[in-house]
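Undergrad: structure.cif is reproduced in full below (mmCIF, C-alpha atoms).
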```cif
data_structure
loop_
_atom_site.group_PDB
_atom_site.id
_atom_site.type_symbol
_atom_site.label_atom_id
_atom_site.label_comp_id
_atom_site.auth_asym_id
_atom_site.auth_seq_id
_atom_site.Cartn_x
_atom_site.Cartn_y
_atom_site.Cartn_z
ATOM 1 C CA MET A 16 -23.344 -29.281 -31.659
ATOM 2 C CA ALA A 17 -22.759 -27.503 -34.977
ATOM 3 C CA ASP A 18 -21.064 -30.610 -36.346
ATOM 4 C CA VAL A 19 -24.103 -32.753 -35.560
ATOM 5 C CA VAL A 20 -26.411 -30.229 -37.244
ATOM 6 C CA PHE A 21 -24.095 -30.066 -40.274
ATOM 7 C CA PHE A 22 -24.040 -33.845 -40.681
ATOM 8 C CA ALA A 23 -27.836 -34.025 -40.275
ATOM 9 C CA LEU A 24 -28.312 -31.356 -42.957
ATOM 10 C CA MET A 25 -25.789 -33.096 -45.165
ATOM 11 C CA VAL A 26 -27.784 -36.317 -44.871
ATOM 12 C CA VAL A 27 -30.977 -34.425 -45.801
ATOM 13 C CA ALA A 28 -29.350 -32.776 -48.838
ATOM 14 C CA VAL A 29 -27.563 -35.875 -50.137
ATOM 15 C CA GLY A 30 -30.455 -38.173 -49.230
ATOM 16 C CA GLY A 31 -32.899 -35.978 -51.128
ATOM 17 C CA ALA A 32 -30.586 -35.986 -54.137
ATOM 18 C CA ILE A 33 -30.315 -39.774 -54.040
ATOM 19 C CA ILE A 34 -34.096 -40.084 -53.808
ATOM 20 C CA ALA A 35 -34.432 -37.679 -56.746
ATOM 21 C CA LEU A 36 -32.054 -39.786 -58.824
ATOM 22 C CA GLU A 37 -33.304 -43.227 -57.872
ATOM 23 C CA ALA A 38 -37.075 -42.652 -57.728
ATOM 24 C CA ARG A 39 -39.086 -44.689 -60.207
ATOM 25 C CA GLU A 40 -41.930 -42.157 -60.211
ATOM 26 C CA ILE A 41 -41.192 -38.623 -61.413
ATOM 27 C CA VAL A 42 -43.368 -37.113 -58.700
ATOM 28 C CA TYR A 43 -41.334 -38.796 -55.977
ATOM 29 C CA GLY A 44 -38.152 -37.645 -57.704
ATOM 30 C CA ALA A 45 -39.410 -34.052 -57.673
ATOM 31 C CA VAL A 46 -40.256 -34.313 -53.971
ATOM 32 C CA GLY A 47 -36.765 -35.711 -53.316
ATOM 33 C CA LEU A 48 -35.281 -32.822 -55.293
ATOM 34 C CA ALA A 49 -37.249 -30.333 -53.184
ATOM 35 C CA GLY A 50 -35.965 -32.065 -50.051
ATOM 36 C CA SER A 51 -32.411 -31.804 -51.317
ATOM 37 C CA PHE A 52 -32.893 -28.095 -52.073
ATOM 38 C CA PHE A 53 -34.256 -27.623 -48.550
ATOM 39 C CA GLY A 54 -31.167 -29.302 -47.091
ATOM 40 C CA VAL A 55 -28.901 -26.984 -49.100
ATOM 41 C CA ALA A 56 -30.915 -23.957 -47.936
ATOM 42 C CA ALA A 57 -30.558 -25.085 -44.336
ATOM 43 C CA LEU A 58 -26.799 -25.408 -44.869
ATOM 44 C CA PHE A 59 -26.753 -21.782 -46.039
ATOM 45 C CA PHE A 60 -28.537 -20.804 -42.824
ATOM 46 C CA LEU A 61 -25.884 -22.722 -40.898
ATOM 47 C CA LEU A 62 -23.190 -20.789 -42.776
ATOM 48 C CA ASP A 63 -24.831 -17.525 -41.626
ATOM 49 C CA ALA A 64 -25.980 -16.601 -45.122
ATOM 50 C CA PRO A 65 -29.723 -16.082 -44.630
ATOM 51 C CA PHE A 66 -30.201 -14.052 -47.801
ATOM 52 C CA VAL A 67 -28.848 -16.850 -49.995
ATOM 53 C CA ALA A 68 -30.839 -19.416 -48.002
ATOM 54 C CA VAL A 69 -34.102 -17.531 -48.483
ATOM 55 C CA PHE A 70 -33.417 -17.198 -52.217
ATOM 56 C CA GLN A 71 -32.677 -20.928 -52.319
ATOM 57 C CA ILE A 72 -36.049 -21.619 -50.742
ATOM 58 C CA ILE A 73 -37.975 -19.125 -52.867
ATOM 59 C CA VAL A 74 -36.409 -19.867 -56.233
ATOM 60 C CA TYR A 75 -35.532 -23.539 -56.107
ATOM 61 C CA ILE A 76 -38.132 -24.997 -53.783
ATOM 62 C CA GLY A 77 -40.850 -22.470 -54.468
ATOM 63 C CA ALA A 78 -40.437 -22.199 -58.209
ATOM 64 C CA VAL A 79 -38.416 -24.992 -59.780
ATOM 65 C CA ALA A 80 -39.626 -27.956 -57.711
ATOM 66 C CA ILE A 81 -43.240 -26.790 -57.763
ATOM 67 C CA LEU A 82 -42.985 -26.170 -61.510
ATOM 68 C CA ILE A 83 -41.713 -29.712 -62.032
ATOM 69 C CA LEU A 84 -44.572 -31.108 -59.963
ATOM 70 C CA PHE A 85 -47.068 -28.868 -61.766
ATOM 71 C CA THR A 86 -45.875 -29.999 -65.187
ATOM 72 C CA VAL A 87 -45.639 -33.683 -64.323
ATOM 73 C CA MET A 88 -49.069 -33.834 -62.737
ATOM 74 C CA LEU A 89 -50.768 -32.064 -65.632
ATOM 75 C CA VAL A 90 -49.156 -33.850 -68.554
ATOM 76 C CA ARG A 91 -50.055 -37.455 -69.243
ATOM 77 C CA GLN A 92 -47.260 -39.921 -69.752
ATOM 78 C CA GLU A 93 -49.041 -41.679 -72.662
ATOM 79 C CA ARG A 94 -48.882 -38.504 -74.757
ATOM 80 C CA TRP A 95 -45.090 -38.457 -74.567
ATOM 81 C CA LEU A 96 -44.846 -42.117 -75.563
ATOM 82 C CA LYS A 97 -46.798 -41.411 -78.774
ATOM 83 C CA ASP A 98 -44.404 -38.617 -79.783
ATOM 84 C CA ALA A 99 -41.256 -40.740 -79.674
ATOM 85 C CA SER A 100 -40.024 -39.757 -83.141
ATOM 86 C CA PHE A 101 -37.131 -37.317 -83.579
ATOM 87 C CA SER A 102 -38.188 -33.912 -84.891
ATOM 88 C CA VAL A 103 -36.626 -30.648 -86.026
ATOM 89 C CA GLY A 104 -37.774 -29.003 -82.784
ATOM 90 C CA GLN A 105 -35.818 -31.544 -80.761
ATOM 91 C CA LEU A 106 -32.724 -30.927 -82.873
ATOM 92 C CA ALA A 107 -33.128 -27.176 -82.306
ATOM 93 C CA GLY A 108 -33.447 -27.814 -78.560
ATOM 94 C CA ILE A 109 -30.281 -29.918 -78.499
ATOM 95 C CA LEU A 110 -28.359 -27.299 -80.489
ATOM 96 C CA THR A 111 -29.636 -24.536 -78.196
ATOM 97 C CA ALA A 112 -28.591 -26.496 -75.112
ATOM 98 C CA GLY A 113 -25.137 -27.066 -76.612
ATOM 99 C CA ALA A 114 -24.754 -23.391 -77.506
ATOM 100 C CA THR A 115 -25.822 -22.405 -73.987
ATOM 101 C CA ALA A 116 -23.293 -24.806 -72.467
ATOM 102 C CA VAL A 117 -20.485 -23.439 -74.660
ATOM 103 C CA ALA A 118 -21.479 -19.850 -73.831
ATOM 104 C CA LEU A 119 -21.459 -20.604 -70.098
ATOM 105 C CA ILE A 120 -18.077 -22.315 -70.287
ATOM 106 C CA LEU A 121 -16.601 -19.363 -72.192
ATOM 107 C CA ALA A 122 -18.181 -16.859 -69.782
ATOM 108 C CA PHE A 123 -16.782 -18.637 -66.712
ATOM 109 C CA SER A 124 -13.340 -18.998 -68.256
ATOM 110 C CA ALA A 125 -13.279 -15.294 -69.234
ATOM 111 C CA ALA A 126 -14.516 -14.148 -65.802
ATOM 112 C CA LYS A 127 -11.180 -14.968 -64.104
ATOM 113 C CA LEU A 128 -12.862 -15.667 -60.790
ATOM 114 C CA TRP A 129 -9.549 -16.767 -59.245
ATOM 115 C CA GLU A 130 -8.270 -13.182 -59.491
ATOM 116 C CA VAL A 131 -11.189 -11.644 -57.569
ATOM 117 C CA THR A 132 -10.279 -10.343 -54.114
ATOM 118 C CA PRO A 133 -12.931 -10.797 -51.459
ATOM 119 C CA SER A 134 -14.574 -7.719 -50.023
ATOM 120 C CA SER A 135 -13.524 -6.753 -46.507
ATOM 121 C CA ASN A 136 -17.090 -5.964 -45.472
ATOM 122 C CA PRO A 137 -19.910 -7.845 -47.208
ATOM 123 C CA PRO A 138 -23.085 -5.888 -47.957
ATOM 124 C CA ASP A 139 -26.046 -6.097 -45.610
ATOM 125 C CA PHE A 140 -29.666 -6.627 -46.656
ATOM 126 C CA LEU A 141 -30.061 -3.006 -47.717
ATOM 127 C CA GLY A 142 -26.864 -3.140 -49.791
ATOM 128 C CA ILE A 143 -27.952 -6.349 -51.497
ATOM 129 C CA GLY A 144 -31.321 -4.781 -52.291
ATOM 130 C CA GLN A 145 -29.596 -1.761 -53.803
ATOM 131 C CA LEU A 146 -27.344 -4.001 -55.913
ATOM 132 C CA ILE A 147 -30.315 -6.020 -57.153
ATOM 133 C CA SER A 148 -32.318 -2.935 -58.035
ATOM 134 C CA THR A 149 -29.472 -1.082 -59.762
ATOM 135 C CA GLU A 150 -26.424 -2.931 -61.054
ATOM 136 C CA PHE A 151 -27.878 -6.430 -61.318
ATOM 137 C CA ALA A 152 -31.439 -5.470 -62.328
ATOM 138 C CA PRO A 153 -31.086 -6.745 -65.939
ATOM 139 C CA ALA A 154 -29.961 -10.178 -64.741
ATOM 140 C CA LEU A 155 -32.867 -10.346 -62.313
ATOM 141 C CA GLN A 156 -35.291 -9.366 -65.078
ATOM 142 C CA VAL A 157 -33.904 -12.030 -67.427
ATOM 143 C CA LEU A 158 -34.302 -14.656 -64.691
ATOM 144 C CA ALA A 159 -37.878 -13.505 -64.120
ATOM 145 C CA LEU A 160 -38.588 -13.853 -67.850
ATOM 146 C CA VAL A 161 -37.131 -17.368 -67.871
ATOM 147 C CA LEU A 162 -39.321 -18.394 -64.937
ATOM 148 C CA ALA A 163 -42.363 -16.783 -66.584
ATOM 149 C CA ALA A 164 -41.645 -18.671 -69.826
ATOM 150 C CA SER A 165 -41.418 -21.914 -67.841
ATOM 151 C CA VAL A 166 -44.783 -21.307 -66.218
ATOM 152 C CA LEU A 167 -46.338 -20.401 -69.580
ATOM 153 C CA GLY A 168 -44.893 -23.574 -71.102
ATOM 154 C CA ALA A 169 -46.381 -25.670 -68.298
ATOM 155 C CA ILE A 170 -49.772 -24.014 -68.767
ATOM 156 C CA THR A 171 -49.593 -24.609 -72.522
ATOM 157 C CA LEU A 172 -48.800 -28.282 -71.987
ATOM 158 C CA ALA A 173 -51.692 -28.581 -69.552
ATOM 159 C CA LYS A 174 -54.052 -26.870 -72.016
ATOM 160 C CA VAL A 175 -53.076 -29.189 -74.878
ATOM 161 C CA ASP A 176 -53.649 -32.190 -72.621
ATOM 162 C CA ARG A 177 -57.156 -31.006 -71.671
ATOM 163 C CA GLU A 178 -58.094 -30.325 -75.301
ATOM 164 C CA GLU A 179 -57.165 -33.918 -76.185
ATOM 165 C CA LYS A 180 -59.409 -35.212 -73.375
ATOM 166 C CA VAL A 181 -62.339 -33.147 -74.627
ATOM 167 C CA LYS A 182 -61.964 -34.464 -78.214
ATOM 168 C CA ALA A 183 -61.743 -38.092 -77.055
#
```
Represent the supplied structure as structure tokens.

TA:
Amino acid sequence: MADVVFFALMVVAVGGAIIALEAREIVYGAVGLAGSFFGVAALFFLLDAPFVAVFQIIVYIGAVAILILFTVMLVRQERWLKDASFSVGQLAGILTAGATAVALILAFSAAKLWEVTPSSNPPDFLGIGQLISTEFAPALQVLALVLAASVLGAITLAKVDREEKVKA
């Protein structure tokens, strides 16, 4: 029975990813992406990792997919077609993305994850909560700031769009 459930969840996850990649409309792609994230979260439940599954649902489905839908629905497509020229801001964005990619590659290569020995007893919910609130609190705060900046960026884009409608 577990094999049938696994294959069904695999179809949901991969099918959602294919829909996200092949959709002609961005909104449908975002819905496909949310479906794929839901399939991955369900696979985590199947692997008996409910904490990771709930974070998958909260962060990816609840924040990222909704943020994509929020931004796409509030920003007109015609506005982006007018701004097709290359600017200094775009160059700065590309350089920042490249620097982030290099930093991540160096961080993963320096982490030596292959030398880590697995813990004999994994932490329970209380232990994970203590880790998040003590040792990993700065990382959680940085992630919260990134999500807050994303929401503020989406609101700013929506506000600019509405101001253009009022002037027209």

Undergrad: Enumerate, in order of chain and increasing residue number, the residues of range 48-158 of chain A with an atom no farther than 7 Å from range 19-39 of chain A, each with its shortest atom pair and distance in Å to one decimal, counting all atoms listed in the file, as JSON lines.

TA:
```
{"residue": "A:Leu48", "atom": "CA", "partner": "A:Ala35", "partner_atom": "CA", "distance": 5.1}
{"residue": "A:Gly50", "atom": "CA", "partner": "A:Gly31", "partner_atom": "CA", "distance": 5.1}
{"residue": "A:Ser51", "atom": "CA", "partner": "A:Ala28", "partner_atom": "CA", "distance": 4.1}
{"residue": "A:Phe52", "atom": "CA", "partner": "A:Ala28", "partner_atom": "CA", "distance": 6.7}
{"residue": "A:Gly54", "atom": "CA", "partner": "A:Ala28", "partner_atom": "CA", "distance": 4.3}
{"residue": "A:Val55", "atom": "CA", "partner": "A:Ala28", "partner_atom": "CA", "distance": 5.8}
{"residue": "A:Ala57", "atom": "CA", "partner": "A:Leu24", "partner_atom": "CA", "distance": 6.8}
{"residue": "A:Leu58", "atom": "CA", "partner": "A:Leu24", "partner_atom": "CA", "distance": 6.4}
```

Undergrad: May I ask which of the residues A:Ile73, A:Leu141, A:Val87, A:Ala17 is the closest one to Gly44 in chain A, counting only C-alpha atoms?

TA: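 That would be A:Val87, the residue with the smallest distance to Gly44 in chain A.
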
Undergrad: Tell me, in Å to one decimal, how far CA of Gly108 in chain A is from CA of Ala159 in chain A.

TA: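 CA of Gly108 in chain A sits 20.8 Å away from CA of Ala159 in chain A.
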
Undergrad: Within 12 Å of range 128-139 of chain A, counting only C-alpha atoms, which residues qualify if same-chain residues fewer than 4 places away don't, as a list of chain:residue names?

TA: A:Ala64, A:Pro65, A:Phe66, A:Val67, A:Ala122, A:Phe123, A:Ser124, A:Ile143, A:Gly144, A:Gln145, A:Leu146, A:Ile147

Undergrad: Work out how far apart CA of Tyr43 in chain A and CA of Gln105 in chain A are and give it in Å to one decimal.

TA: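 Computed distance, CA of Tyr43 in chain A to CA of Gln105 in chain A, equals 26.4 Å.
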
Undergrad: Any chance you could work out the axis-aligned box around range 137-155 of chain A, listed atoms only, 3 Å on each side, giving centre and edge lengths in Å to one decimal, as lines of an AutoDock Vina configuration file?

TA:
```
center_x = -26.4
center_y = -5.7
center_z = -55.8
size_x = 19.0
size_y = 15.3
size_z = 26.3
```

Undergrad: With distances taken over only C-alpha atoms, which residue among A:Met16, A:Val69, A:Ile76, A:Ala154 lies nearest Phe140 in chain A?

TA: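 Using only C-alpha atoms, the shortest distance to Phe140 in chain A belongs to A:Val69.
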
Undergrad: Taking all atoms listed in the file into account, which of A:Gln156, A:Gly104, A:Thr86, A:Thr111 comes nearest Thr171 in chain A?

TA: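 When distances to Thr171 in chain A are compared using all atoms listed in the file, the smallest one comes from A:Thr86.
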
Undergrad: Please compute the CA of Ala152 in chain A-CA of Phe70 in chain A distance, one decimal, in Å.

TA: 15.6 Å
